[in-house]
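K.L.:
Can you keep this structure in mind? I'll have questions shortly.
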Amino acid sequence: MALVINKGFRDLLHIGNQSRPKIFDLAITIPDVLYDDVVEVTERVVLSSDRCQIKKQCKTAIGTTGEKVEIWEEIDKEKLTADLQKILDRGIMSLAVVLMHSYTFADHEKEIGTLAKEMGFSHVSLSSEVMPMVKIVPRGFTACADAYLTPCIKKYVHGFSSGFKGGLKNARVLFMQSDGGLTPVQSFYGSRAILSGPAGGVVGYAMTTYHKESDKPVIGFDMGGTSTDVSRYAGQFEHVFETTTAGITIQAPQLDINTVAAGGGSQLYFRSGMFVVGPESAGAHPGPVCYKKGGPLAVTDANLCLGRLLPEHFPHIFGKTEDQPLDKEATLKAFDNATKEINEYMRIEGSAANKQALTREEVAMGFISVANEAMCRPIRALTEAKGFDTSRHVLACFGGAGGQHACSIARSLGMTSVFIHRYSGILSAYGMALADVVHEAQEPCASIYTSENFQTIDSRIKELSTECQAELEKQGFSTSQIELQPFLHLRYDRTDCALMCSTENFPATQGSSKYGDFLQAFLARYSQEFGFSIPGRPIIVDDIRVRGIGKSCIEIEQKLPKSQLSSPPVNSMTKCYFDEGYLETKVYLLEKLQAEDKIQGPSIIIDQNSTILVEPNCEAIITENGDIKIKIGRGEIEKIGSDLDPIQLSIFSHRFMSIAEQMGRTLQRTAISTNIKERLDFSCALFGPDGGLVSNAPHIPVHLGAMQETVQCQLRTLGDDMHDGDVILSNHPQSGGSHLPDLTVITPVFYKKSKRPVFFVASRGHHADIGGITPGSMPAHSHYLWQEGAVFKSFKLVKAGVFQEEEVTAALNAPGVYPGSSGTRNLHDNLSDLRAQVAASQKGIHLVCGLIDEYGLDVVQAYMAHIQHNAEIAVRDMLKYLAHERNKSYGSDICQLKAVDHMDDGTRICLTVDINEQDGSAMFDFTGTGFEVFGNCNAPRAITFSAVIYSLRCMVGYDIPLNQGCLKPISVHIPPGCILDPSEMAAVVGGNVLTSQRIVDVIFKAFRACAASQGCMNNITFGDEEVGYYETVAGGAGAGPGWHGRSGVHTHMTNTRITDPEILERRYPVILNQFALNPHTGGRGAYRGGDGVIREMTFRKVLTLSILTERRTFQPYGMEGGHPAKVGQNLLIHKDGRILNLGGKTSVTVEDGDCFRLITPGGGGYGVGFCDQLDKRRVEAYRLAQELGLELQEPNRP
């Protein structure tokens, strides 16, 4: 397929939101785009704006949202026709058409679609028809997915139909969609099919569990062989309209289904003393060891080893010939080998000094326990993120592997009931039979939700309802079978977080729409999910939607006769392994059981498609419909000691990380600013009583090690002046701060009547403005700290539980006393986000205290130390290996690495690393680094520690606990007074966003890990008294041994998202002219460096533009013979045609009509490329010929 998009945006979908999915992967892997070619169409529509001072004579129109648009450039049909013909000549027959602002003005997309069909394209997906919602990037992904999948689906349907007599001409054929509704075959298309399989399972448990077996909301747990999906149902289907599946963001109505693990195929590892489960999967082929195809150990093998799977009840479909039984012997042998490896490791590390060696069954049980906790962690996070208590749910388990884990997971989540449908192994298929037929109609809107607009909104709902009604009646549904559900997609003005709201339980009032009180529905849901509302702020209607439902009214449940036996019939006896050891376990056949049969655990219930484990202290009851309801007993809680146990080590690692992650979700939920809520510029972490990092959710890398310095500084400063109910605010560079806009909120955790904190929780969030000499608090030319905004060293934000609003307001306004400086320009958002950070801390305290209640303070703190020690071991192992490889030819125990790089002003960053191969320790010595600068690229000491911990974690190469243990083998020397340890009042705003990247470049250069990435965050700020905007922009990633650098992506110390082009133009007085890759800016080599980007925007009014960038002078280096990348450039193109090079750091006033062109650096290349090898050989041949006195014939050049 091919993509048709506006000129200047050919790579928009490649760049996406510019973030990378795994922040510690140097080889950045992002799913490739679906299209094979791109046609850039000369066409441009912009939104009309009262703020626009550019006077342009052009046509105007009113879009479907009511927004006025200006047609700045009509379609160049002659060029477009020629370009489309070239696509046809390549044999590409499917097109996706995506134009800026087509969600409201679709005429140009329709023109292109008509032209393309006339030319002979067999399929054309217009983004304005597939999903007319604002945001061109996800809408573009959706159109591409539709153009890619729909021809395949049509081909499949044709083949399917042709297998029936008459080709199913008069038959009614329905297909399941991702939204949980059925649709006729002719209306079934690609973008609505992506999660149609899992959607069937959600419908299945929703229709059979909620209200039938329980009034509690239900969490669906669908665990198959290759994936595990989680969803929730509480009386109505929860839909989302923008989801990311396999790295692709899709805009389409889908049930809110989240993939949380790899299922029974999750691979099992033992790494650096920890049991690790997944995320890698053995897949269906080769599958686990027991499949007899040479696969790895997986969760399925662990269940087989423990006797929880019975091979005699499985079909003979395994092995290369696919006619063999499950191979339990191979599984036992593989676990014997794993057990030997684990025990040997424990012996060497001294962990088993007072313990018996682990048995094979204990190892397998350990992996099962870790797997269960790994699945519980995202389930907790997903429900808590929406403001729900996980324990107040029923767990509906289905999928082939779900029944083996149901009891353990429910117990871990605090649930008391599990429901397993009798067809749980095929519930997705069963759910399709129960599903209703659905037809949806949706259109975009841009109205404010006020009484003045109710008539317009109601008329649009009525028209969409009429369309749905007519479509369902055409399919044979009577009026009594049709249900119409209106929805409004609502959000607060100046936020991106829209909620699709129905008026179920919110009937119409005198002051509402006649279709219900959408305002109260929105406020209730917003408060539920985010914990607050924003009084006085306008609410925007983004979309109007009607879901028409044709009720299937299918009843296929069959009642079972009541059991007349005192106990159900036992098919056989077996032995299963549990925490208590091997226990006699009864085996039942589900088909032999009758209503009200009670089965005590431990027992196994065998169905044709699944195996269900009823654990000890649990009781299963067969319902009248033949389903299984399990009551979860608490049983005896195993007493965990403080001595190191590798299984508990892995479980505690998940629990500690879960605390940091749930704090992050709470912060994102309750924050109000774009920076935190949408750009995700924040981090949350848990710290020990000494202030040492215990767990840090992988949010923003530059925050990683810095917060530890902040917490420890507060311990030194406040000492005993920390009390229960106190919350501390800090951002000063000398107190572990990164730069002033990053405000850190620290809360000591007191447990019961402890006199001193037993833990600390903290969050660091980037605030959009905290005062200073420029809007956004990111001045390009600051020289002193006071110019960059409000300063907090050790400020009690909350005292004895009371939020100090008056005092913090005064502090945020304090920069206004300095000449040319201002206090905060957005006090409301500052206070709201600070409260959100306090709320995140409270969440962390609740979770920490709950963990201590469960295990005891001594055990929790002991495992804190064990996990820190485990991270230390992983780093020491990496350093030993690296030193060994370096020292092979030197015969020394000390490996010395050196590197130098430069800031654009010539300041050197020097690093010498001495690694001791014997103990795996290292000294990072920055002696020789340049002095503090009279600018803002000075980096506080904490930044260097963040860069070191980030780099070490990347080089370890696999998941390890991220904590202060990573730095335990490391000594760091930073000369006082240098750019990495500046004086107290030095400006530092650029140190956080620029110098941090250079420190990482120097570390990787010393270790020769990879070529340099773009080495810059490209900070762009513009604004005036009314509006302010801040963004960081992607560039090229460095190549490395075995991988090409990714183009157009954020690298190393940042990973923030970029604003969608349509949102940018809708909210701010700019026009985005170009956002594309800059070809050939990455360094050449055996592995190419990633290309930088070009981002050009035109200003529509007079504004102040500030730029803070690096790598405009010194190129990002290549590695091992690879070429360096090209530097970036910042150009101002005046409306009179003059072009100015603005340099790397400046602040200028721009006029309406001026253009700013940002050219970001690429990434360096790695290894000697083929062309370089040829050139080298030519030189060698020429020299040899000269030595031999031969004449060389100059070849004819083309």
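Chain labels run A, B, ... following the order of the structure tokens; each chain numbers its residues from 1, and ligands are numbered from 1 in the order shown.
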Can you pull out every residue from region 556-748 of chain A that DSSP, working from the backbone, puts in alpha helix (DSSP H), and format the result as a PyMOL selection string?
P.N.:
chain A and resi 646-670+674-677+706-718
K.L.:
For the residues in the current selection, export N, CA and C atoms as a short mmCIF file (atom, residue, chain, number, x, y, z; two decimals), in the first residue's frame.
P.N.:
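In the end it all went to out09.cif:
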data_model
loop_
_atom_site.label_atom_id
_atom_site.label_comp_id
_atom_site.auth_asym_id
_atom_site.auth_seq_id
_atom_site.Cartn_x
_atom_site.Cartn_y
_atom_site.Cartn_z
N PRO A 646 16.02 -16.36 46.41
CA PRO A 646 16.00 -15.81 45.05
C PRO A 646 14.59 -15.68 44.47
N ILE A 647 13.67 -16.53 44.93
CA ILE A 647 12.29 -16.44 44.44
C ILE A 647 11.64 -15.18 45.01
N GLN A 648 11.75 -15.00 46.33
CA GLN A 648 11.18 -13.81 46.95
C GLN A 648 11.87 -12.54 46.46
N LEU A 649 13.15 -12.65 46.13
CA LEU A 649 13.87 -11.50 45.58
C LEU A 649 13.18 -11.01 44.32
N SER A 650 12.81 -11.93 43.44
CA SER A 650 12.15 -11.56 42.19
C SER A 650 10.76 -10.99 42.46
N ILE A 651 10.05 -11.58 43.42
CA ILE A 651 8.70 -11.08 43.74
C ILE A 651 8.78 -9.67 44.34
N PHE A 652 9.70 -9.46 45.27
CA PHE A 652 9.84 -8.13 45.87
C PHE A 652 10.28 -7.10 44.83
N SER A 653 11.08 -7.52 43.86
CA SER A 653 11.46 -6.61 42.79
C SER A 653 10.23 -6.09 42.07
N HIS A 654 9.29 -6.98 41.78
CA HIS A 654 8.04 -6.56 41.14
C HIS A 654 7.21 -5.68 42.07
N ARG A 655 7.16 -6.01 43.35
CA ARG A 655 6.34 -5.23 44.28
C ARG A 655 6.89 -3.82 44.45
N PHE A 656 8.21 -3.71 44.59
CA PHE A 656 8.81 -2.38 44.73
C PHE A 656 8.59 -1.55 43.46
N MET A 657 8.79 -2.17 42.28
CA MET A 657 8.60 -1.44 41.04
C MET A 657 7.13 -1.05 40.86
N SER A 658 6.24 -1.93 41.31
CA SER A 658 4.81 -1.63 41.20
C SER A 658 4.45 -0.38 41.99
N ILE A 659 5.10 -0.18 43.13
CA ILE A 659 4.83 1.03 43.94
C ILE A 659 5.19 2.27 43.14
N ALA A 660 6.37 2.28 42.53
CA ALA A 660 6.80 3.44 41.74
C ALA A 660 5.88 3.65 40.54
N GLU A 661 5.47 2.56 39.89
CA GLU A 661 4.60 2.68 38.72
C GLU A 661 3.22 3.20 39.10
N GLN A 662 2.67 2.71 40.20
CA GLN A 662 1.34 3.18 40.60
C GLN A 662 1.39 4.63 41.07
N MET A 663 2.51 5.04 41.68
CA MET A 663 2.67 6.46 41.99
C MET A 663 2.63 7.28 40.70
N GLY A 664 3.32 6.78 39.66
CA GLY A 664 3.35 7.48 38.39
C GLY A 664 1.97 7.60 37.77
N ARG A 665 1.19 6.52 37.85
CA ARG A 665 -0.16 6.57 37.30
C ARG A 665 -1.04 7.54 38.08
N THR A 666 -0.86 7.57 39.39
CA THR A 666 -1.63 8.52 40.20
C THR A 666 -1.26 9.95 39.83
N LEU A 667 0.03 10.21 39.65
CA LEU A 667 0.48 11.56 39.28
C LEU A 667 -0.08 11.95 37.92
N GLN A 668 0.00 11.06 36.96
CA GLN A 668 -0.52 11.37 35.64
C GLN A 668 -2.04 11.60 35.70
N ARG A 669 -2.73 10.80 36.51
CA ARG A 669 -4.18 10.94 36.64
C ARG A 669 -4.59 12.27 37.23
N THR A 670 -3.85 12.70 38.25
CA THR A 670 -4.31 13.86 39.04
C THR A 670 -3.66 15.17 38.63
N THR A 674 -0.17 19.95 30.72
CA THR A 674 0.17 19.14 29.54
C THR A 674 1.50 18.44 29.74
N ASN A 675 2.46 19.12 30.35
CA ASN A 675 3.80 18.54 30.52
C ASN A 675 3.76 17.21 31.25
N ILE A 676 2.98 17.13 32.31
CA ILE A 676 2.93 15.91 33.11
C ILE A 676 1.88 14.95 32.58
N LYS A 677 0.70 15.45 32.27
CA LYS A 677 -0.42 14.57 31.92
C LYS A 677 -0.28 13.96 30.53
N ALA A 706 19.29 11.40 39.95
CA ALA A 706 19.28 12.73 40.55
C ALA A 706 18.39 12.80 41.78
N MET A 707 17.26 12.09 41.77
CA MET A 707 16.34 12.20 42.91
C MET A 707 16.95 11.62 44.18
N GLN A 708 17.80 10.61 44.05
CA GLN A 708 18.47 10.05 45.22
C GLN A 708 19.29 11.12 45.92
N GLU A 709 20.00 11.92 45.14
CA GLU A 709 20.80 13.03 45.71
C GLU A 709 19.89 14.00 46.46
N THR A 710 18.71 14.27 45.90
CA THR A 710 17.78 15.21 46.53
C THR A 710 17.29 14.69 47.87
N VAL A 711 16.90 13.43 47.92
CA VAL A 711 16.40 12.84 49.16
C VAL A 711 17.50 12.84 50.22
N GLN A 712 18.70 12.43 49.84
CA GLN A 712 19.80 12.37 50.81
C GLN A 712 20.19 13.76 51.30
N CYS A 713 20.05 14.75 50.43
CA CYS A 713 20.32 16.13 50.85
C CYS A 713 19.32 16.57 51.92
N GLN A 714 18.04 16.18 51.77
CA GLN A 714 17.05 16.55 52.77
C GLN A 714 17.33 15.86 54.11
N LEU A 715 17.83 14.63 54.05
CA LEU A 715 18.21 13.94 55.29
C LEU A 715 19.32 14.70 56.01
N ARG A 716 20.30 15.18 55.24
CA ARG A 716 21.40 15.92 55.87
C ARG A 716 20.94 17.28 56.37
N THR A 717 20.04 17.91 55.64
CA THR A 717 19.60 19.27 55.99
C THR A 717 18.62 19.28 57.16
N LEU A 718 17.61 18.43 57.10
CA LEU A 718 16.54 18.46 58.08
C LEU A 718 16.79 17.56 59.29
#
K.L.:
Give me the residues within 8 Å of Ala685 (chain A) as a PDB file with C-alpha atoms, in the first residue's frame, counting only C-alpha atoms and dropping any in the same chain fewer than 5 places off.
P.N.:
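Dumped to around-v4.pdb:
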ATOM      1  CA  ALA A 660       6.796   3.443  41.735  1.00  0.00           C
ATOM      2  CA  MET A 663       2.669   6.459  41.988  1.00  0.00           C
ATOM      3  CA  LEU A 693      17.127   4.541  45.500  1.00  0.00           C
ATOM      4  CA  VAL A 694      15.110   1.305  45.786  1.00  0.00           C
ATOM      5  CA  SER A 695      12.982   1.444  42.634  1.00  0.00           C
ATOM      6  CA  ASN A 696      12.468   4.027  39.925  1.00  0.00           C
ATOM      7  CA  ALA A 697       9.739   3.588  37.337  1.00  0.00           C
ATOM      8  CA  VAL A 761       8.659   8.315  48.290  1.00  0.00           C
ATOM      9  CA  ALA A 762       9.258  11.099  45.789  1.00  0.00           C
ATOM     10  CA  SER A 763       8.202  12.428  42.402  1.00  0.00           C
TER      11      SER A 763
END
K.L.:
Would you kindly return, as a compact mmCIF listing (two decimals) with N, CA, C and O atoms, in the first residue's frame, each protein, DNA or RNA residue with an atom no farther than 12 Å from any atom of Ile87 (chain A), considering only C-alpha atoms and excluding same-chain residues fewer than 2 positions away?
P.N.:
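Final file, selection_12.txt:
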# COMPACT_ATOMS: atom_id res chain seq x y z
N MET A 1 0.84 -1.20 0.00
CA MET A 1 0.00 0.00 0.00
C MET A 1 0.88 1.25 0.00
O MET A 1 2.07 1.18 0.30
N ALA A 2 0.28 2.38 -0.35
CA ALA A 2 1.00 3.65 -0.37
C ALA A 2 0.23 4.68 0.45
O ALA A 2 -0.98 4.56 0.66
N LEU A 3 0.95 5.67 0.91
CA LEU A 3 0.38 6.76 1.71
C LEU A 3 0.39 8.05 0.92
O LEU A 3 1.40 8.41 0.31
N VAL A 4 -0.74 8.75 0.92
CA VAL A 4 -0.83 10.09 0.34
C VAL A 4 -0.99 11.07 1.50
O VAL A 4 -1.92 10.94 2.30
N TYR A 35 3.20 1.26 5.01
CA TYR A 35 3.17 1.63 3.59
C TYR A 35 4.52 1.35 2.91
O TYR A 35 5.57 1.34 3.54
N ASP A 36 4.44 1.13 1.58
CA ASP A 36 5.64 0.86 0.79
C ASP A 36 6.17 2.11 0.10
O ASP A 36 7.33 2.16 -0.30
N ASP A 37 5.31 3.11 -0.08
CA ASP A 37 5.72 4.33 -0.76
C ASP A 37 4.87 5.48 -0.27
O ASP A 37 3.82 5.27 0.35
N VAL A 38 5.35 6.70 -0.54
CA VAL A 38 4.65 7.90 -0.09
C VAL A 38 4.50 8.86 -1.25
O VAL A 38 5.45 9.07 -2.03
N VAL A 39 3.32 9.44 -1.37
CA VAL A 39 3.08 10.53 -2.32
C VAL A 39 2.80 11.79 -1.51
O VAL A 39 1.87 11.81 -0.69
N LEU A 80 -0.20 15.37 -8.81
CA LEU A 80 -0.72 14.24 -8.05
C LEU A 80 -1.02 13.06 -8.97
O LEU A 80 -0.69 11.91 -8.66
N THR A 81 -1.63 13.34 -10.13
CA THR A 81 -1.96 12.27 -11.07
C THR A 81 -0.70 11.56 -11.53
O THR A 81 -0.65 10.31 -11.59
N ALA A 82 0.34 12.33 -11.84
CA ALA A 82 1.60 11.73 -12.28
C ALA A 82 2.22 10.88 -11.18
O ALA A 82 2.73 9.77 -11.42
N ASP A 83 2.17 11.38 -9.95
CA ASP A 83 2.75 10.63 -8.82
C ASP A 83 1.97 9.35 -8.54
O ASP A 83 2.56 8.30 -8.25
N LEU A 84 0.64 9.42 -8.62
CA LEU A 84 -0.17 8.23 -8.38
C LEU A 84 0.05 7.18 -9.47
O LEU A 84 0.02 5.98 -9.20
N GLN A 85 0.28 7.64 -10.70
CA GLN A 85 0.53 6.70 -11.79
C GLN A 85 1.81 5.90 -11.53
O GLN A 85 1.88 4.70 -11.81
N ASP A 89 2.12 1.91 -11.33
CA ASP A 89 3.09 1.19 -12.16
C ASP A 89 3.93 0.22 -11.34
O ASP A 89 4.46 -0.75 -11.88
N ARG A 90 4.05 0.48 -10.05
CA ARG A 90 4.77 -0.44 -9.16
C ARG A 90 3.90 -1.62 -8.72
O ARG A 90 4.37 -2.51 -8.02
N GLY A 91 2.65 -1.61 -9.10
CA GLY A 91 1.75 -2.69 -8.73
C GLY A 91 1.05 -2.50 -7.40
O GLY A 91 0.41 -3.41 -6.88
N ILE A 92 1.16 -1.30 -6.81
CA ILE A 92 0.48 -1.01 -5.54
C ILE A 92 -0.94 -0.56 -5.84
O ILE A 92 -1.15 0.41 -6.58
N MET A 93 -1.91 -1.25 -5.26
CA MET A 93 -3.32 -1.01 -5.60
C MET A 93 -4.13 -0.43 -4.44
O MET A 93 -5.31 -0.14 -4.60
N SER A 94 -3.52 -0.28 -3.28
CA SER A 94 -4.26 0.21 -2.10
C SER A 94 -3.62 1.50 -1.61
O SER A 94 -2.40 1.61 -1.52
N LEU A 95 -4.45 2.48 -1.27
CA LEU A 95 -3.98 3.79 -0.82
C LEU A 95 -4.60 4.17 0.52
O LEU A 95 -5.75 3.85 0.80
N ALA A 116 -8.18 8.67 -7.39
CA ALA A 116 -7.46 7.41 -7.28
C ALA A 116 -8.29 6.24 -7.80
O ALA A 116 -7.78 5.36 -8.51
N MET A 119 -8.43 6.19 -11.49
CA MET A 119 -7.17 5.74 -12.08
C MET A 119 -6.98 4.24 -11.99
O MET A 119 -6.09 3.68 -12.64
N GLY A 120 -7.77 3.58 -11.14
CA GLY A 120 -7.68 2.13 -11.08
C GLY A 120 -7.24 1.54 -9.76
O GLY A 120 -7.04 0.32 -9.66
N PHE A 121 -7.09 2.35 -8.70
CA PHE A 121 -6.75 1.78 -7.39
C PHE A 121 -7.96 0.98 -6.89
O PHE A 121 -9.10 1.44 -6.94
K.L.:
Need the shell around region 929-934 of chain A: protein/DNA/RNA residues with any atom at most 10 Å away, counting only C-alpha atoms. Skip same-chain ones fewer than 4 positions apart. Format as a ChimeraX atom specification?
P.N.:
/A:781-784,900-903,905-911,925,938-939,974-983,986-988
K.L.:
Those selected residues, please, written with C-alpha atoms and delivered as an mmCIF file, in the first residue's frame.
P.N.:
data_model
loop_
_atom_site.group_PDB
_atom_site.id
_atom_site.type_symbol
_atom_site.label_atom_id
_atom_site.label_comp_id
_atom_site.auth_asym_id
_atom_site.auth_seq_id
_atom_site.Cartn_x
_atom_site.Cartn_y
_atom_site.Cartn_z
ATOM 1 C CA HIS A 781 20.820 33.249 27.731
ATOM 2 C CA SER A 782 20.534 32.939 31.502
ATOM 3 C CA HIS A 783 23.764 33.524 33.455
ATOM 4 C CA TYR A 784 22.516 33.269 37.025
ATOM 5 C CA VAL A 900 36.787 13.376 25.419
ATOM 6 C CA ASP A 901 33.965 15.278 23.763
ATOM 7 C CA HIS A 902 33.057 18.948 23.585
ATOM 8 C CA MET A 903 30.159 21.255 24.110
ATOM 9 C CA ASP A 905 31.375 26.461 23.068
ATOM 10 C CA GLY A 906 34.509 24.288 23.174
ATOM 11 C CA THR A 907 34.184 23.207 26.811
ATOM 12 C CA ARG A 908 35.729 19.774 27.207
ATOM 13 C CA ILE A 909 33.989 16.862 28.926
ATOM 14 C CA CYS A 910 36.783 14.465 29.862
ATOM 15 C CA LEU A 911 36.383 10.993 31.320
ATOM 16 C CA ASP A 925 37.072 10.394 36.826
ATOM 17 C CA ASN A 938 26.374 23.965 33.808
ATOM 18 C CA ALA A 939 25.179 20.586 35.042
ATOM 19 C CA ILE A 974 34.037 15.456 39.604
ATOM 20 C CA PRO A 975 36.470 18.373 40.023
ATOM 21 C CA PRO A 976 34.829 21.205 42.002
ATOM 22 C CA GLY A 977 34.194 24.304 39.932
ATOM 23 C CA CYS A 978 33.967 22.504 36.607
ATOM 24 C CA ILE A 979 30.905 22.533 34.346
ATOM 25 C CA LEU A 980 29.718 19.326 36.068
ATOM 26 C CA ASP A 981 29.951 20.771 39.598
ATOM 27 C CA PRO A 982 29.182 24.495 39.298
ATOM 28 C CA SER A 983 28.865 27.100 42.014
ATOM 29 C CA ALA A 986 25.340 29.257 38.389
ATOM 30 C CA ALA A 987 22.667 28.984 35.694
ATOM 31 C CA VAL A 988 21.850 25.329 34.970
#
K.L.:
Calculated over only C-alpha atoms, which of the candidates A:Asp742, A:Asp327, A:Glu584, A:Glu1031 has the smallest distance to Pro616 (chain A)?
P.N.:
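Smallest distance to Pro616 (chain A) is found for A:Glu584.
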K.L.:
Distance table requested - region 324-381 of chain A against region 308-317 of chain A, cut-off 6 Å, only C-alpha atoms: one row per qualifying residue with the closest atom pair and its distance in Å to one decimal, ordered by chain and rising residue number, as CSV.
P.N.:
residue,atom,partner,partner_atom,distance
A:Gln324,CA,A:His316,CA,4.6
A:Pro325,CA,A:His316,CA,4.4
A:Leu326,CA,A:Pro311,CA,5.6
K.L.:
Would you put the residues from that selection into a file with N, CA, C and O atoms, as a PDB file, in the first residue's frame?
P.N.:
ATOM      1  N   GLN A 324       2.787 -36.436  18.588  1.00  0.00           N
ATOM      2  CA  GLN A 324       3.379 -36.930  19.821  1.00  0.00           C
ATOM      3  C   GLN A 324       2.678 -36.330  21.040  1.00  0.00           C
ATOM      4  O   GLN A 324       2.059 -35.262  20.955  1.00  0.00           O
ATOM      5  N   PRO A 325       2.767 -36.996  22.209  1.00  0.00           N
ATOM      6  CA  PRO A 325       2.196 -36.419  23.443  1.00  0.00           C
ATOM      7  C   PRO A 325       3.125 -35.345  24.011  1.00  0.00           C
ATOM      8  O   PRO A 325       4.261 -35.182  23.565  1.00  0.00           O
ATOM      9  N   LEU A 326       2.611 -34.613  24.995  1.00  0.00           N
ATOM     10  CA  LEU A 326       3.466 -33.678  25.734  1.00  0.00           C
ATOM     11  C   LEU A 326       4.649 -34.439  26.331  1.00  0.00           C
ATOM     12  O   LEU A 326       4.486 -35.557  26.848  1.00  0.00           O
TER      13      LEU A 326
END
K.L.:
Residues near Asn1019 (chain A), anyone? I mean within 8 Å using only C-alpha atoms, not counting same-chain ones fewer than 5 positions away, as JSON, numbers by chain.
P.N.:
{"A": [993, 1030, 1031, 1032, 1033, 1107, 1108, 1109]}
K.L.:
Next, the residues of the selection above should be written as an mmCIF file, in the first residue's frame with C-alpha atoms.
P.N.:
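part.cif was written with the following content:
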data_model
loop_
_atom_site.group_PDB
_atom_site.id
_atom_site.type_symbol
_atom_site.label_atom_id
_atom_site.label_comp_id
_atom_site.auth_asym_id
_atom_site.auth_seq_id
_atom_site.Cartn_x
_atom_site.Cartn_y
_atom_site.Cartn_z
ATOM 1 C CA VAL A 993 18.702 19.089 28.778
ATOM 2 C CA TYR A 1030 7.541 24.213 24.925
ATOM 3 C CA GLU A 1031 8.737 21.170 23.031
ATOM 4 C CA THR A 1032 11.788 18.990 22.624
ATOM 5 C CA VAL A 1033 12.435 17.522 19.196
ATOM 6 C CA ILE A 1107 16.037 27.986 21.380
ATOM 7 C CA LEU A 1108 18.390 25.939 23.538
ATOM 8 C CA THR A 1109 20.305 23.387 21.458
#
K.L.:
Hey, can you check how far CA of Gln1014 (chain A) sits from CA of Pro940 (chain A)?
P.N.:
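Distance between the two atoms: 21.6 Å.
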K.L.:
Write out as a PyMOL selection string all residues of region 241-420 of chain A that backbone DSSP assigns to strand (DSSP E or B).
P.N.:
chain A and resi 243-245+248-250+254-255+258-261+266-271+274-281+298+318+324+394-398+417-420
K.L.:
In terms of the shortest atom-to-atom distance over only C-alpha atoms, which of A:Gly225, A:Gln608, A:Cys553, A:Ile632 is closest to Ser391 (chain A)?
P.N.:
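Closest residue, counting only C-alpha atoms: A:Ile632.
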K.L.:
Could you pull the residues within 8 Å of Val1168 (chain A), counting only C-alpha atoms, minus those fewer than 5 positions along the same chain, as a list in words?
P.N.:
Gly1085, Ala1086, Glu1120, Gly1121, Gly1122 and Gln1173 of chain A
K.L.:
Restricting the calculation to only C-alpha atoms, which member of A:Val289, A:Ile1094, A:Val69, A:Met1119 is positioned closest to Thr331 (chain A)?
P.N.:
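Of A:Val289, A:Ile1094, A:Val69, A:Met1119, the one nearest Thr331 (chain A), counting only C-alpha atoms, is A:Val289.
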K.L.:
Nearest residue to Pro819 (chain A) out of A:Arg377, A:Asp643, A:Trp786, A:Ala947, using only C-alpha atoms?
P.N.:
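Using only C-alpha atoms, the shortest distance to Pro819 (chain A) belongs to A:Trp786.
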K.L.:
Just give me the gap between CA of Phe105 (chain A) and CA of Val41 (chain A) in Å, one decimal is fine.
P.N.:
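For CA of Phe105 (chain A) relative to CA of Val41 (chain A), the distance reads 16.0 Å.
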